$ cat structure27.cif   # mmCIF, C-alpha atoms
data_structure
loop_
_atom_site.label_atom_id
_atom_site.label_comp_id
_atom_site.auth_asym_id
_atom_site.auth_seq_id
_atom_site.Cartn_x
_atom_site.Cartn_y
_atom_site.Cartn_z
CA MET A 1 -6.26 -3.63 -30.39
CA LEU A 2 -6.54 -6.82 -28.40
CA LYS A 3 -9.58 -7.21 -26.22
CA TYR A 4 -8.93 -6.76 -22.52
CA TYR A 5 -8.98 -10.45 -21.64
CA GLU A 6 -6.73 -11.45 -24.54
CA CYS A 7 -4.26 -8.74 -23.56
CA LEU A 8 -4.32 -9.89 -19.93
CA LYS A 9 -3.90 -13.52 -20.92
CA GLY A 10 -0.92 -12.70 -23.11
CA LEU A 11 0.67 -10.66 -20.36
CA LEU A 12 0.25 -13.31 -17.68
CA TRP A 13 1.52 -16.18 -19.78
CA ASN A 14 4.72 -14.29 -20.58
CA VAL A 15 5.52 -13.11 -17.07
CA ASP A 16 8.39 -14.87 -15.30
CA PHE A 17 7.38 -13.99 -11.76
CA PHE A 18 5.70 -11.29 -9.70
CA PHE A 19 6.90 -9.61 -6.54
CA LEU A 20 3.52 -8.55 -5.16
CA ILE A 21 0.09 -10.14 -5.09
CA ASN A 22 -2.98 -7.97 -4.65
CA PHE A 23 -6.16 -9.75 -3.72
CA PHE A 24 -8.63 -7.77 -5.80
CA ALA A 25 -10.37 -11.03 -6.67
CA LEU A 26 -11.19 -11.66 -3.01
CA PHE A 27 -12.54 -8.17 -2.44
CA ARG A 28 -14.74 -7.79 -5.54
CA PHE A 29 -14.82 -4.00 -5.37
CA CYS A 30 -13.94 -3.31 -8.99
CA ALA A 31 -16.19 -0.77 -10.68
CA ILE A 32 -15.69 -2.35 -14.12
CA ASP A 33 -17.33 -5.70 -14.78
CA GLY A 34 -14.77 -8.37 -15.53
CA CYS A 35 -11.71 -6.39 -14.46
CA VAL A 36 -10.54 -9.19 -12.15
CA ASP A 37 -11.85 -12.18 -14.08
CA GLY A 38 -9.27 -14.94 -14.16
CA SER A 39 -6.88 -13.23 -11.78
CA LEU A 40 -7.24 -15.60 -8.83
CA GLU A 41 -6.42 -18.67 -10.90
CA TYR A 42 -2.96 -17.22 -11.45
CA VAL A 43 -2.15 -16.83 -7.77
CA GLU A 44 -1.39 -20.52 -7.36
CA LYS A 45 0.54 -20.48 -10.63
CA LEU A 46 2.59 -17.59 -9.30
CA LEU A 47 3.26 -19.35 -6.01
CA ASP A 48 4.30 -22.50 -7.86
CA TRP A 49 6.63 -20.49 -10.11
CA ALA A 50 8.15 -18.81 -7.06
CA TYR A 51 8.68 -22.13 -5.30
CA ALA A 52 10.31 -23.66 -8.39
CA ARG A 53 12.76 -20.74 -8.51
CA GLY A 54 13.53 -20.69 -4.80
CA LEU A 55 11.63 -17.44 -4.17
CA SER A 56 9.57 -16.59 -1.10
CA VAL A 57 6.35 -14.60 -1.40
CA LEU A 58 4.94 -12.12 1.11
CA LEU A 59 1.21 -11.68 0.52
CA ASP A 60 0.34 -8.00 0.92
CA ILE A 61 -3.33 -7.00 1.12
CA HIS A 62 -3.25 -3.69 -0.76
CA THR A 63 -6.95 -2.85 -0.83
CA MET A 64 -9.54 -2.37 1.88
CA LYS A 65 -13.25 -1.76 1.44
CA ASP A 66 -13.82 2.03 1.34
CA SER A 67 -10.02 2.52 1.25
CA GLN A 68 -7.54 2.54 4.10
CA ASN A 69 -5.68 5.64 2.85
CA GLY A 70 -7.51 7.31 -0.04
CA PHE A 71 -4.68 6.50 -2.46
CA ASP A 72 -5.55 5.12 -5.87
CA ASN A 73 -3.33 2.13 -5.10
CA SER A 74 -5.79 1.16 -2.37
CA GLY A 75 -8.30 0.45 -5.11
CA GLN A 76 -10.24 3.67 -4.60
CA ALA A 77 -9.06 7.29 -4.64
CA VAL A 78 -11.40 8.72 -2.02
CA GLY A 79 -12.10 12.45 -2.03
CA PHE A 80 -11.67 14.44 -5.24
CA GLU A 81 -13.16 17.36 -7.15
CA TRP A 82 -13.11 17.94 -10.88
CA THR A 83 -11.00 20.96 -11.84
CA SER A 84 -11.27 20.69 -15.62
CA ALA A 85 -13.17 23.99 -15.89
CA LEU A 86 -10.18 25.82 -14.41
CA ASN A 87 -7.82 24.74 -17.19
CA THR A 88 -6.96 27.29 -19.85
CA TYR A 89 -4.01 25.44 -21.39
CA PRO A 90 -4.09 22.95 -22.88
CA ALA A 91 -7.76 23.42 -23.64
CA GLY A 92 -10.03 20.53 -22.72
CA LEU A 93 -7.62 18.87 -20.31
CA THR A 94 -9.48 16.72 -17.78
CA THR A 95 -8.05 17.12 -14.29
CA PHE A 96 -9.06 16.93 -10.66
CA GLU A 97 -7.64 17.72 -7.23
CA HIS A 98 -7.34 14.97 -4.70
CA TRP A 99 -4.61 15.31 -2.10
CA PRO A 100 -5.98 18.25 -0.07
CA ILE A 101 -9.39 16.56 0.31
CA ARG A 102 -8.27 12.94 0.52
CA SER A 103 -10.27 10.66 2.80
CA ALA A 104 -10.24 7.02 3.91
CA ASN A 105 -13.29 5.26 5.29
CA TRP A 106 -12.29 1.62 5.74
CA ILE A 107 -11.94 1.79 9.49
CA GLY A 108 -14.79 4.26 9.99
CA THR A 109 -16.32 7.58 9.00
CA PHE A 110 -13.63 10.24 8.61
CA ASP A 111 -14.39 13.85 9.54
CA ALA A 112 -12.11 16.14 7.53
CA GLU A 113 -12.76 19.14 9.76
CA SER A 114 -11.65 17.50 13.00
CA ILE A 115 -9.13 15.20 11.24
CA SER A 116 -10.53 12.27 13.18
CA TYR A 117 -13.03 9.46 12.95
CA SER A 118 -16.57 10.08 14.16
CA SER A 119 -17.43 6.37 14.15
CA ILE A 120 -15.78 2.98 13.67
CA ASN A 121 -16.96 0.62 10.92
CA HIS A 122 -16.79 -2.78 12.62
CA ALA A 123 -18.35 -4.49 9.60
CA ASN A 124 -15.49 -3.33 7.36
CA ILE A 125 -12.92 -4.46 9.92
CA GLN A 126 -14.57 -7.86 10.21
CA HIS A 127 -14.66 -8.16 6.44
CA ALA A 128 -10.90 -7.61 6.36
CA LEU A 129 -10.40 -10.27 9.02
CA ASP A 130 -12.57 -12.66 7.00
CA VAL A 131 -10.35 -12.06 3.98
CA ILE A 132 -7.28 -12.88 6.07
CA GLN A 133 -8.97 -16.12 7.11
CA THR A 134 -9.74 -16.95 3.47
CA ILE A 135 -6.14 -16.34 2.43
CA VAL A 136 -4.83 -18.52 5.26
CA ASP A 137 -7.28 -21.28 4.36
CA MET A 138 -6.27 -21.17 0.71
CA TYR A 139 -2.50 -20.79 0.95
CA GLY A 140 -1.49 -21.68 4.49
CA GLY A 141 0.16 -24.88 3.31
CA HIS A 142 1.95 -23.55 0.25
CA PRO A 143 5.74 -23.78 0.69
CA ALA A 144 6.45 -20.56 -1.22
CA VAL A 145 4.50 -18.28 1.11
CA LEU A 146 6.69 -16.46 3.60
CA GLY A 147 3.90 -14.61 5.36
CA LEU A 148 1.18 -11.99 5.23
CA GLU A 149 0.84 -8.23 5.56
CA PRO A 150 -2.79 -7.64 6.60
CA VAL A 151 -3.12 -4.10 5.21
CA ASN A 152 -0.87 -1.91 3.11
CA GLU A 153 -0.27 1.69 4.25
CA PRO A 154 -3.20 2.55 6.52
CA TRP A 155 -2.90 6.32 6.62
CA GLN A 156 -1.62 8.39 9.52
CA TYR A 157 -5.08 9.34 10.81
CA THR A 158 -6.11 5.74 11.41
CA PRO A 159 -7.14 5.32 15.08
CA LEU A 160 -4.25 3.43 16.65
CA GLU A 161 -6.34 1.55 19.18
CA GLU A 162 -8.54 0.10 16.46
CA LEU A 163 -5.63 -0.57 14.12
CA LYS A 164 -3.64 -2.38 16.79
CA ARG A 165 -6.68 -4.48 17.72
CA PHE A 166 -7.09 -5.37 14.03
CA TYR A 167 -3.41 -6.33 13.82
CA TRP A 168 -3.73 -8.50 16.91
CA GLU A 169 -6.85 -10.29 15.71
CA GLY A 170 -5.31 -10.83 12.27
CA TYR A 171 -2.19 -12.24 13.91
CA LEU A 172 -4.28 -14.81 15.82
CA ILE A 173 -5.96 -15.91 12.58
CA VAL A 174 -2.61 -16.38 10.88
CA LYS A 175 -1.03 -18.24 13.78
CA ARG A 176 -3.96 -20.65 14.04
CA GLY A 177 -3.89 -21.57 10.36
CA ALA A 178 -0.31 -20.88 9.23
CA PRO A 179 1.85 -20.87 12.38
CA TYR A 180 5.15 -20.54 10.51
CA TRP A 181 4.15 -17.49 8.47
CA LYS A 182 5.74 -14.12 9.13
CA TYR A 183 3.24 -11.44 10.12
CA VAL A 184 4.23 -7.99 8.87
CA MET A 185 2.44 -4.83 10.06
CA HIS A 186 2.74 -1.45 8.37
CA ASP A 187 3.61 1.46 10.67
CA ALA A 188 0.70 3.63 9.45
CA PHE A 189 3.22 6.38 8.64
CA ARG A 190 4.04 6.68 12.34
CA PHE A 191 7.47 5.10 12.59
CA ASP A 192 8.38 5.94 16.17
CA LYS A 193 9.16 3.91 19.25
CA TYR A 194 6.44 5.55 21.33
CA THR A 195 3.80 4.18 18.96
CA TRP A 196 5.13 0.67 18.35
CA GLY A 197 7.65 -0.02 21.09
CA GLY A 198 6.56 -3.11 23.03
CA PHE A 199 3.53 -3.79 20.84
CA MET A 200 2.80 -7.55 20.74
CA LYS A 201 6.01 -8.13 22.68
CA GLY A 202 6.97 -11.79 22.81
CA CYS A 203 4.85 -12.77 19.80
CA PRO A 204 6.95 -14.84 17.39
CA GLU A 205 7.30 -14.17 13.65
CA ARG A 206 6.08 -10.57 13.74
CA ALA A 207 7.75 -7.61 12.04
CA LEU A 208 7.10 -3.92 11.36
CA ASP A 209 7.06 -2.55 7.82
CA THR A 210 8.09 1.02 7.00
CA HIS A 211 8.22 2.65 3.56
CA ILE A 212 11.04 5.10 2.85
CA TYR A 213 10.74 7.52 -0.05
CA GLN A 214 12.75 10.69 -0.60
CA ALA A 215 10.72 11.68 -3.65
CA TRP A 216 8.17 13.62 -1.57
CA ARG A 217 10.74 15.58 0.44
CA ASP A 218 11.27 19.26 -0.13
CA PRO A 219 14.01 20.10 -2.65
CA ASP A 220 17.43 19.57 -1.16
CA SER A 221 21.10 19.32 -2.03
CA ARG A 222 22.89 16.09 -2.87
CA ILE A 223 24.41 16.07 0.62
CA GLY A 224 20.98 16.66 2.15
CA PHE A 225 19.58 13.57 0.49
CA TYR A 226 22.59 11.53 1.64
CA GLN A 227 22.16 12.74 5.20
CA ASP A 228 18.48 11.90 5.19
CA ALA A 229 19.17 8.39 3.88
CA CYS A 230 21.85 7.81 6.51
CA SER A 231 19.59 9.07 9.30
CA GLN A 232 17.14 6.28 8.50
CA LYS A 233 19.69 3.74 9.74
CA SER A 234 19.63 5.03 13.31
CA ARG A 235 15.83 5.29 13.31
CA ILE A 236 15.51 1.68 12.18
CA ALA A 237 18.05 0.55 14.77
CA THR A 238 16.08 2.33 17.51
CA MET A 239 12.85 0.67 16.38
CA GLU A 240 14.47 -2.75 16.30
CA ARG A 241 15.58 -2.27 19.92
CA GLU A 242 12.13 -1.11 21.05
CA PHE A 243 9.89 -3.27 18.87
CA GLY A 244 11.78 -5.99 17.03
CA PRO A 245 12.41 -6.86 13.37
CA VAL A 246 11.85 -4.07 10.81
CA ILE A 247 11.64 -4.38 7.05
CA VAL A 248 11.66 -1.59 4.47
CA GLY A 249 8.89 -2.98 2.30
CA GLU A 250 8.95 -0.11 -0.19
CA TRP A 251 11.71 2.28 -1.14
CA SER A 252 13.03 4.17 -4.13
CA LEU A 253 16.16 5.97 -5.28
CA ALA A 254 14.05 8.76 -6.82
CA THR A 255 14.53 12.24 -5.35
CA ASP A 256 11.51 13.94 -6.93
CA ASN A 257 7.94 13.05 -7.87
CA CYS A 258 7.78 14.79 -11.21
CA GLN A 259 7.07 11.64 -13.24
CA MET A 260 3.76 12.00 -15.07
CA TRP A 261 0.84 10.57 -13.08
CA LEU A 262 3.12 9.35 -10.29
CA ASN A 263 0.93 11.21 -7.80
CA GLY A 264 -2.32 10.09 -9.41
CA PHE A 265 -3.90 9.83 -12.85
CA ASN A 266 -4.39 13.37 -14.21
CA ASP A 267 -4.09 14.70 -10.67
CA ASN A 268 -2.95 18.32 -10.83
CA LEU A 269 -2.09 18.17 -7.13
CA PRO A 270 -2.72 21.51 -5.49
CA GLY A 271 -1.45 21.28 -1.95
CA LYS A 272 0.70 18.63 -0.33
CA GLY A 273 2.22 16.05 -2.61
CA ARG A 274 2.56 18.11 -5.79
CA PRO A 275 5.85 18.13 -7.71
CA ARG A 276 8.08 20.57 -5.84
CA PHE A 277 10.66 21.09 -8.55
CA ALA A 278 10.16 23.33 -11.56
CA LEU A 279 9.28 21.13 -14.55
CA GLU A 280 10.92 21.69 -17.92
CA PHE A 281 10.33 20.18 -21.32
CA VAL A 282 13.67 19.02 -22.68
CA TYR A 283 14.40 17.68 -26.15
CA LEU A 284 16.55 14.56 -26.16
CA TYR A 285 18.82 14.13 -29.17
CA PRO A 286 20.36 10.81 -30.25
#
$ encode --input "structure27.cif" --output "C-alpha cells"
Amino acid sequence: MLKYYECLKGLLWNVDFFFLINFFALFRFCAIDGCVDGSLEYVEKLLDWAYARGLSVLLDIHTMKDSQNGFDNSGQAVGFEWTSALNTYPAGLTTFEHWPIRSANWIGTFDAESISYSSINHANIQHALDVIQTIVDMYGGHPAVLGLEPVNEPWQYTPLEELKRFYWEGYLIVKRGAPYWKYVMHDAFRFDKYTWGGFMKGCPERALDTHIYQAWRDPDSRIGFYQDACSQKSRIATMEREFGPVIVGEWSLATDNCQMWLNGFNDNLPGKGRPRFALEFVYLYP
C-alpha cells in the first residue's frame, strides 16, 4: 500500500477540479497528525484550475470548532456511545449509536434535556469570524471565487439570535475585504419566511442556502415523492419573495438512505435517521 502522503499526492495531481473546498487546514482540529499536511497549498491550485476552465468557486466552511451540528461531516461526530457489546451477529462487529444523542457545541454548551443552550461560547464564534477574515485576506482578490458560505448546516437547535449576529458580522468582514463576493447563509434547517423574511434586507449580494433531500423521508409512493419535490418550488418562491435569492446548495435524487455508512461510519442508527426501508441482500448476475 502507498503511504498516506503518497496516496494523497497521487490523488490531487490527477484531479481535474473540485466542487467544494473545506478549510480543515485553517482550523487545525484533526485528531491524526499530518492528516491535513499539504492541503492548503492546493487551494490556490484549485482556484487557478477553476479560473482557467471558466468555473466559479463558492468557499463553504464545513467545519466549526466543537461542531456546529454533530455530524461527522462537520469534522467531529459529537455524542455517541459504543454498542459493540450488543451485537450478536456478525460477532465482533464494532458499532455505536449517534443520532439520538447527537450534540453540537460550537456556538455554546448544549443541554440535551432542555434541547437548548445553557451558555454561548463567544470565543468559538470569534474564532470562526477570524477564519472568515483569513479566507478573505488570502483569496479576496482571486477572480475564480464567487463568494463565501460562513458555516455549513448549523443544526436546528442553534440559537437564532446568535446565529444571525454571526451571519451579520461575517457579512461585514466579507464586504470590507471582498465587496463583490456573494454571501450565502444556510437556513439552519428552518426554511420558513417567519425565520428569515426581511433578515438583512437591503444588503447586496446575500443569499439563503437550503438543502433538499428526500432520502430521509418516511417511505412513500412514487407519486408521493413527486408531490414532495414539486411542493419545494412554492416554498422556495415564497422565501424569495420574503427574503431574496435562494440557492439549493445540496440535493440528491436518492429516495432512501440505505447506502452503507451513508448515515455515519458503522453507525447502527437507533432512532431518527436510520434506514426506514427493509434491507435485502441481493445477488447480481452478469
$ residues_around --input "structure27.cif" --residues "A:Ala112" --least-positions-apart "2" --cutoff "8 Å" --atoms "only C-alpha atoms" --output "list in words"
Ile101, Ser103, Phe110, Ser114, Ile115 and Ser116 of chain A
$ resolve_selection --input "structure27.cif" --expression "the PyMOL selection byres ((chain A and resi 55) around 10)" --output "number ranges by chain"
A: 17, 19, 47-54, 56-57, 143-146
$ resolve_selection --input "structure27.cif" --expression "the PyMOL selection byres ((chain A and resi 67) around 12)" --output "MDAnalysis selection string"
chainID A and resid 27 29 61:66 68:79 102:110 124:125 128 151:155 158
$ resolve_selection --input "structure27.cif" --expression "the PyMOL selection byres ((chain A and resi 80) around 6)" --output "MDAnalysis selection string"
chainID A and resid 79 81 97:98
$ atom_distance --input "structure27.cif" --atom1 "atom CA of A:Leu40" --atom2 "atom CA of A:Arg165"
28.8 Å
$ atom_distance --input "structure27.cif" --atom1 "atom CA of A:Ile236" --atom2 "atom CA of A:Pro100"
29.8 Å
$ atom_distance --input "structure27.cif" --atom1 "atom CA of A:Pro245" --atom2 "atom CA of A:Arg206"
7.3 Å
$ closest_residue --input "structure27.cif" --among "A:Trp216, A:Tyr171, A:Tyr117, A:Glu44" --to "A:Met138" --atoms "only C-alpha atoms"
A:Glu44
$ axis_aligned_box --input "structure27.cif" --around "stretch 215-218 of chain A" --padding-each-side "3 Å" --output "AutoDock Vina command-line options"
--center_x 9.7 --center_y 15.5 --center_z -1.6 --size_x 9.1 --size_y 13.6 --size_z 10.1
$ closest_residue --input "structure27.cif" --among "A:Arg217, A:Ile132, A:Gln227, A:Val246" --to "A:Met185" --atoms "only C-alpha atoms"
A:Val246
$ residues_around --input "structure27.cif" --residues "A:Asp130" --least-positions-apart "2" --cutoff "12 Å" --atoms "all atoms listed in the file" --output "MDAnalysis selection string"
chainID A and resid 26:27 64 123:128 132:137 150 166 169:170 173:174
$ closest_residue --input "structure27.cif" --among "A:Trp168, A:Asp187, A:Thr255, A:Leu58" --to "A:Gly224" --atoms "all atoms listed in the file"
A:Thr255
$ residues_near_point --input "structure27.cif" --point "(14.0, -1.7, 13.0)" --cutoff "12 Å" --atoms "all atoms listed in the file" --output "PyMOL selection string"
chain A and resi 187+191-193+196-197+206-211+232-249
$ write_last_selection --input "structure27.cif" --atoms "C-alpha atoms" --output "compact mmCIF listing (two decimals), in the coordinates of the input"
# COMPACT_ATOMS: atom_id res chain seq x y z
CA ASP A 187 3.61 1.46 10.67
CA PHE A 191 7.47 5.10 12.59
CA ASP A 192 8.38 5.94 16.17
CA LYS A 193 9.16 3.91 19.25
CA TRP A 196 5.13 0.67 18.35
CA GLY A 197 7.65 -0.02 21.09
CA ARG A 206 6.08 -10.57 13.74
CA ALA A 207 7.75 -7.61 12.04
CA LEU A 208 7.10 -3.92 11.36
CA ASP A 209 7.06 -2.55 7.82
CA THR A 210 8.09 1.02 7.00
CA HIS A 211 8.22 2.65 3.56
CA GLN A 232 17.14 6.28 8.50
CA LYS A 233 19.69 3.74 9.74
CA SER A 234 19.63 5.03 13.31
CA ARG A 235 15.83 5.29 13.31
CA ILE A 236 15.51 1.68 12.18
CA ALA A 237 18.05 0.55 14.77
CA THR A 238 16.08 2.33 17.51
CA MET A 239 12.85 0.67 16.38
CA GLU A 240 14.47 -2.75 16.30
CA ARG A 241 15.58 -2.27 19.92
CA GLU A 242 12.13 -1.11 21.05
CA PHE A 243 9.89 -3.27 18.87
CA GLY A 244 11.78 -5.99 17.03
CA PRO A 245 12.41 -6.86 13.37
CA VAL A 246 11.85 -4.07 10.81
CA ILE A 247 11.64 -4.38 7.05
CA VAL A 248 11.66 -1.59 4.47
CA GLY A 249 8.89 -2.98 2.30
$ decode --input "structure27.cif" --residues "stretch 138-201 of chain A" --atoms "C-alpha atoms" --output "short mmCIF file (atom, residue, chain, number, x, y, z; two decimals), in the first residue's frame"
data_model
loop_
_atom_site.label_atom_id
_atom_site.label_comp_id
_atom_site.auth_asym_id
_atom_site.auth_seq_id
_atom_site.Cartn_x
_atom_site.Cartn_y
_atom_site.Cartn_z
CA MET A 138 -5.99 35.17 1.29
CA TYR A 139 -8.46 34.88 -1.57
CA GLY A 140 -10.40 38.13 -1.75
CA GLY A 141 -8.67 39.09 -4.98
CA HIS A 142 -8.83 35.76 -6.77
CA PRO A 143 -11.04 36.01 -9.88
CA ALA A 144 -12.41 32.46 -9.54
CA VAL A 145 -14.01 32.99 -6.14
CA LEU A 146 -17.74 33.66 -6.34
CA GLY A 147 -18.30 34.06 -2.62
CA LEU A 148 -18.36 32.50 0.82
CA GLU A 149 -20.70 30.44 2.97
CA PRO A 150 -19.61 31.12 6.58
CA VAL A 151 -20.89 27.85 8.08
CA ASN A 152 -22.37 24.70 6.61
CA GLU A 153 -25.57 23.32 8.15
CA PRO A 154 -25.72 24.74 11.67
CA TRP A 155 -28.30 22.45 13.23
CA GLN A 156 -31.90 23.34 14.03
CA TYR A 157 -31.26 23.98 17.74
CA THR A 158 -28.76 26.76 17.08
CA PRO A 159 -29.93 29.95 18.86
CA LEU A 160 -31.22 32.16 16.06
CA GLU A 161 -30.26 35.44 17.68
CA GLU A 162 -26.63 34.36 17.99
CA LEU A 163 -26.56 32.76 14.54
CA LYS A 164 -27.99 35.84 12.87
CA ARG A 165 -25.49 38.07 14.69
CA PHE A 166 -22.70 35.78 13.48
CA TYR A 167 -24.03 35.97 9.92
CA TRP A 168 -24.19 39.76 10.10
CA GLU A 169 -20.67 40.14 11.48
CA GLY A 170 -19.31 37.69 8.89
CA TYR A 171 -21.06 39.65 6.15
CA LEU A 172 -19.33 42.87 7.27
CA ILE A 173 -15.94 41.14 7.15
CA VAL A 174 -16.58 39.88 3.63
CA LYS A 175 -17.88 43.21 2.33
CA ARG A 176 -14.88 45.10 3.71
CA GLY A 177 -12.34 42.79 2.09
CA ALA A 178 -14.14 41.25 -0.89
CA PRO A 179 -17.07 43.57 -1.71
CA TYR A 180 -18.10 41.69 -4.86
CA TRP A 181 -18.34 38.26 -3.22
CA LYS A 182 -21.69 36.57 -2.76
CA TYR A 183 -22.51 35.84 0.87
CA VAL A 184 -24.54 32.65 1.29
CA MET A 185 -26.17 31.73 4.62
CA HIS A 186 -27.53 28.29 5.45
CA ASP A 187 -31.10 28.22 6.80
CA ALA A 188 -30.16 26.10 9.85
CA PHE A 189 -32.85 23.59 8.81
CA ARG A 190 -35.51 26.24 9.40
CA PHE A 191 -36.58 27.19 5.90
CA ASP A 192 -39.56 29.40 6.64
CA LYS A 193 -40.41 33.02 5.98
CA TYR A 194 -41.05 33.79 9.64
CA THR A 195 -37.43 32.97 10.46
CA TRP A 196 -35.64 34.59 7.52
CA GLY A 197 -38.11 37.00 5.94
CA GLY A 198 -36.63 40.51 6.00
CA PHE A 199 -33.31 39.42 7.51
CA MET A 200 -30.51 41.73 6.31
CA LYS A 201 -32.99 43.39 3.98
#
